[in-house]
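input_21.cif (mmCIF, C-alpha atoms) appears below.
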```cif
data_input
#
loop_
_atom_site.label_atom_id
_atom_site.label_comp_id
_atom_site.auth_asym_id
_atom_site.auth_seq_id
_atom_site.Cartn_x
_atom_site.Cartn_y
_atom_site.Cartn_z
CA MET A 250 130.94 51.85 12.07
CA LEU A 251 128.41 49.31 10.80
CA ARG A 252 129.81 45.78 10.81
CA THR A 253 128.67 42.23 10.19
CA PHE A 254 128.11 39.80 13.04
CA LYS A 255 131.33 37.97 12.09
CA GLU A 256 133.40 41.18 12.03
CA THR A 257 131.95 42.26 15.37
CA SER A 258 132.67 38.87 16.94
CA GLU A 259 136.29 39.06 15.76
CA ILE A 260 136.69 42.51 17.31
CA ILE A 261 135.30 41.24 20.63
CA GLU A 262 137.53 38.16 20.56
CA SER A 263 140.59 40.40 20.03
CA GLY A 264 139.92 41.84 23.51
CA LYS A 265 139.23 45.41 22.42
CA ALA A 266 136.81 47.47 24.49
CA CYS A 267 133.79 48.56 22.49
CA HIS A 268 130.23 49.82 22.50
CA ILE A 269 127.78 47.94 20.26
CA SER A 270 124.23 48.56 19.11
CA GLY A 271 122.00 46.21 17.16
CA THR A 272 119.04 43.89 17.53
CA GLU A 273 118.47 41.91 20.71
CA SER A 274 118.89 38.65 18.78
CA LEU A 275 122.32 39.67 17.43
CA LEU A 276 123.50 41.06 20.78
CA ARG A 277 122.52 37.83 22.55
CA LYS A 278 124.65 35.76 20.15
CA LEU A 279 127.84 37.81 20.44
CA PRO A 280 130.77 36.30 22.34
CA LYS A 281 131.54 37.52 25.84
CA GLY A 282 134.12 40.26 26.10
CA ASN A 283 134.87 43.88 26.89
CA TRP A 284 131.71 45.42 25.49
CA VAL A 285 128.36 46.93 26.38
CA GLY A 286 125.42 47.23 24.06
CA GLY A 287 121.86 48.21 23.48
CA SER A 288 119.08 47.33 21.09
CA THR A 289 118.09 49.31 18.02
CA GLU A 290 117.66 48.79 14.28
CA TYR A 291 118.02 52.49 13.42
CA PHE A 292 121.47 53.76 12.42
CA MET A 293 123.20 56.69 10.77
CA ALA A 294 125.51 55.51 8.00
CA GLU A 295 127.64 57.43 5.53
CA GLY A 296 124.74 57.56 3.08
CA GLY A 297 122.17 58.59 5.69
CA GLY A 298 119.78 56.79 8.02
CA ILE A 299 119.16 53.07 7.60
CA VAL A 300 117.11 50.38 9.32
CA THR A 301 118.72 46.93 9.55
CA ASP A 302 118.47 43.80 11.65
CA GLN A 303 121.56 42.28 9.99
CA LEU A 304 124.34 44.68 11.01
CA LEU A 305 125.75 45.99 14.28
CA TYR A 306 127.14 49.44 14.96
CA VAL A 307 130.51 49.12 16.70
CA THR A 308 132.43 51.93 18.37
CA LEU A 309 135.96 50.99 19.41
CA LEU A 310 137.05 52.70 22.61
CA PRO A 311 140.49 54.30 22.88
CA TYR A 312 141.39 52.94 26.33
CA ASP A 313 141.41 49.47 27.85
CA ASN A 314 140.98 50.13 31.58
CA ILE A 315 137.23 49.61 31.91
CA ASN A 316 134.67 48.62 34.51
CA ILE A 317 131.24 47.35 33.41
CA LYS A 318 128.39 47.70 35.91
CA GLN A 319 124.62 47.25 35.96
CA TYR A 320 122.18 49.67 37.59
CA ASP A 321 118.58 49.03 38.54
CA LYS A 322 116.19 51.84 39.42
CA SER A 323 117.47 52.11 43.00
CA ALA A 324 121.19 51.99 42.09
CA VAL A 325 121.35 54.23 38.99
CA LYS A 326 121.87 57.23 41.28
CA ASN A 327 125.44 55.89 41.79
CA VAL A 328 126.49 55.96 38.13
CA ALA A 329 128.46 59.20 38.46
CA LYS A 330 129.99 58.21 41.80
CA ASP A 331 131.22 54.96 40.21
CA ALA A 332 132.80 56.74 37.23
CA TYR A 333 136.56 57.23 37.02
CA GLU A 334 137.89 60.65 38.02
CA ASN A 335 139.66 60.89 34.67
CA GLY A 336 137.67 59.19 31.96
CA PHE A 337 134.13 58.79 30.73
CA THR A 338 131.10 56.54 31.11
CA ILE A 339 128.81 55.10 28.45
CA LEU A 340 125.35 54.44 29.92
CA ILE A 341 122.65 52.45 28.09
CA ILE A 342 119.11 52.44 29.50
CA PRO A 343 116.20 50.38 28.12
CA PHE A 344 113.32 52.56 26.92
CA ASP A 345 110.23 52.85 29.13
CA SER A 346 111.75 50.83 31.98
CA ALA A 347 111.61 51.81 35.66
CA VAL A 348 115.29 52.78 35.51
CA HIS A 349 114.57 54.99 32.47
CA ILE A 350 111.87 56.86 34.34
CA GLU A 351 114.05 57.21 37.46
CA TYR A 352 117.01 58.52 35.47
CA ALA A 353 114.96 60.91 33.34
CA GLU A 354 113.22 62.44 36.33
CA ASN A 355 116.04 62.55 38.88
CA ALA A 356 119.51 62.34 37.28
CA ALA A 357 120.19 66.06 37.62
CA ALA A 358 120.21 65.67 41.41
CA TYR A 359 122.56 62.64 41.57
CA ASP A 360 125.86 63.07 43.43
CA ASP A 361 128.77 64.04 41.13
CA MET A 362 126.46 64.06 38.11
CA PHE A 363 127.91 67.21 36.59
CA MET A 364 131.45 66.43 37.69
CA LYS A 365 131.92 63.30 35.55
CA ASN A 366 131.80 62.68 31.80
CA ILE A 367 128.69 60.58 31.13
CA VAL A 368 127.27 59.89 27.67
CA GLY A 369 124.65 57.40 26.70
CA TRP A 370 121.40 56.63 25.07
CA ILE A 371 118.03 54.99 25.50
CA SER A 372 117.87 51.61 23.77
CA GLY A 373 114.86 50.86 21.63
CA MET A 374 113.39 48.56 19.04
CA ASN A 375 111.99 48.61 15.54
CA LEU A 376 108.67 50.43 15.86
CA GLY A 377 107.21 48.30 13.07
CA LYS A 378 107.79 44.99 14.89
CA SER A 379 105.62 44.00 17.85
CA ASP A 380 107.78 41.13 19.12
CA GLN A 381 110.71 43.26 20.34
CA ALA A 382 111.61 44.94 23.63
CA PRO A 383 114.37 47.46 24.36
CA ILE A 384 117.37 45.90 26.11
CA SER A 385 120.80 46.73 27.45
CA ALA A 386 123.63 44.17 27.32
CA ASN A 387 126.64 43.42 29.50
CA GLY A 388 129.15 41.80 27.15
CA LYS A 389 131.39 40.72 30.02
CA THR A 390 128.70 38.38 31.41
CA GLY A 391 126.61 37.88 28.26
CA GLU A 392 123.48 39.02 30.10
CA VAL A 393 120.78 41.24 28.60
CA TYR A 394 118.25 43.27 30.54
CA LYS A 395 114.89 44.89 29.92
CA ASP A 396 114.82 46.77 33.22
CA ILE A 397 118.47 47.45 34.10
CA ALA A 398 120.89 50.06 32.76
CA VAL A 399 124.41 48.98 31.81
CA ALA A 400 127.42 51.28 32.08
CA MET A 401 130.97 50.99 30.85
CA HIS A 402 133.23 53.20 32.94
CA VAL A 403 136.39 53.96 30.97
CA GLU A 404 139.55 55.35 32.58
CA ALA A 405 141.78 57.63 30.54
CA PRO A 406 145.56 57.68 31.03
CA GLY A 407 146.92 60.38 33.33
CA ASP A 408 148.36 62.36 30.42
CA LYS A 409 144.93 62.66 28.76
CA THR A 410 141.95 64.84 29.62
CA VAL A 411 138.40 63.90 28.66
CA SER A 412 135.90 66.62 27.81
CA LEU A 413 132.38 66.17 26.44
CA ASN A 414 130.63 68.73 24.31
CA MET A 415 127.30 68.89 22.52
CA ILE A 416 126.63 70.31 19.11
CA ASN A 417 123.08 71.50 18.48
CA ILE A 418 122.41 72.12 14.80
CA PHE A 419 118.96 73.53 15.53
CA GLU A 420 117.90 77.06 16.41
CA GLN A 421 114.76 78.15 18.21
CA ASP A 422 112.18 79.87 16.04
CA ALA A 423 111.49 83.14 17.85
CA ASP A 424 108.09 83.38 16.11
CA SER A 425 106.99 79.90 17.17
CA PRO A 426 104.29 79.59 19.84
CA THR A 427 105.41 78.50 23.32
CA ILE A 428 104.14 75.08 24.36
CA THR A 429 103.98 74.21 28.07
CA PHE A 430 102.67 71.22 30.01
CA SER A 431 100.95 71.06 33.38
CA ASP A 432 102.14 67.52 34.15
CA GLU A 433 105.60 65.93 33.95
CA GLY A 434 106.19 62.53 32.37
CA PHE A 435 106.65 60.68 29.10
CA SER A 436 103.08 61.02 27.88
CA VAL A 437 100.68 63.91 28.19
CA GLU A 438 97.06 64.53 27.35
CA LYS A 439 96.95 68.33 27.50
CA CYS A 440 99.27 71.18 26.67
CA PHE A 441 99.04 74.96 26.65
CA ILE A 442 99.97 76.91 23.54
CA ASP A 443 100.96 80.52 24.25
#
```
Would it be possible to restate this file's structure as structure tokens?
Amino acid sequence: MLRTFKETSEIIESGKACHISGTESLLRKLPKGNWVGGSTEYFMAEGGGIVTDQLLYVTLLPYDNINIKQYDKSAVKNVAKDAYENGFTILIIPFDSAVHIEYAENAAAYDDMFMKNIVGWISGMNLGKSDQAPISANGKTGEVYKDIAVAMHVEAPGDKTVSLNMINIFEQDADSPTITFSDEGFSVEKCFID
């Protein structure tokens, strides 16, 4: 839910575990606590998509037994191994960082990757502002990073089971041409159509 800086600070100070997204400047000012965050100004609200540098999106987590860890490009392979057996992990990775490239290209081969519940996103910035950089934030320490992923590992109680599912509202157009690429990566110069 979108909240003001004051409302978000009060939630953090109450000790609740949460995931927060907003601008780097707002994330840097938040009090230390049981939270992880990432930068963006783009949100989905009840009325549709909005762009704001004044509000934060706060997701309260249902369980309090958490472990917040940072992962650089050489350590991100351990994110699934570090996850609780019964629970889930929220992973935030700064866009276009070395850890982003490593995770995008190699995560499918990480140990335990498909045995643990991992969700997350790539932090970003307002595309119309040149003075921003994507960051992840560790609320426990108050540190923000441009080149390190932050994870909140959340343990669920023994009487609960966590299961992640995806909903895809799109369907492939069977009449659409097939587009393939000769090179892997985030940017390409050539593609093949049919």
Explicit residue set for the PyMOL selection byres ((chain A and resi 262) around 12), as a PyMOL selection string
chain A and resi 255-261+263-267+279-284+388-389
Chain and number of each residue from the PyMOL selection byres ((chain A and resi 352) around 12), as a VMD selection string
chain A and resid 320 to 329 340 to 351 353 to 359 362 369 to 371 397 to 398 434
List the neighbours of Ala382 of chain A out to 9 Å using only C-alpha atoms; skip same-chain residues closer than 4 positions along the sequence, and give me the result as a list in words.
Glu273, Ser288, Pro343, Phe344, Gly373, Met374, Asn375 and Lys395 of chain A
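The closest residue to Ala400 of chain A, picked from A:Gly286, A:Gly336, A:Pro426, A:Gly297 and counting all atoms listed in the file, is A:Gly286.
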For the structure shown, which residues end up in the PyMOL selection byres ((chain A and resi 338) around 7)? Put them as a PyMOL selection string, please?
chain A and resi 332+337+339-340+366-368+400-403
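Between atom CA of Ser436 of chain A and atom CA of Thr289 of chain A the separation is 21.4 Å.
With distances restricted to all atoms listed in the file, A:Ala386 is the closest residue to Lys318 of chain A from A:Ala386, A:Lys365, A:Asp360, A:Arg277.
Rounded to one decimal, atom CA of Leu304 of chain A and atom CA of Thr253 of chain A lie 5.0 Å from each other.
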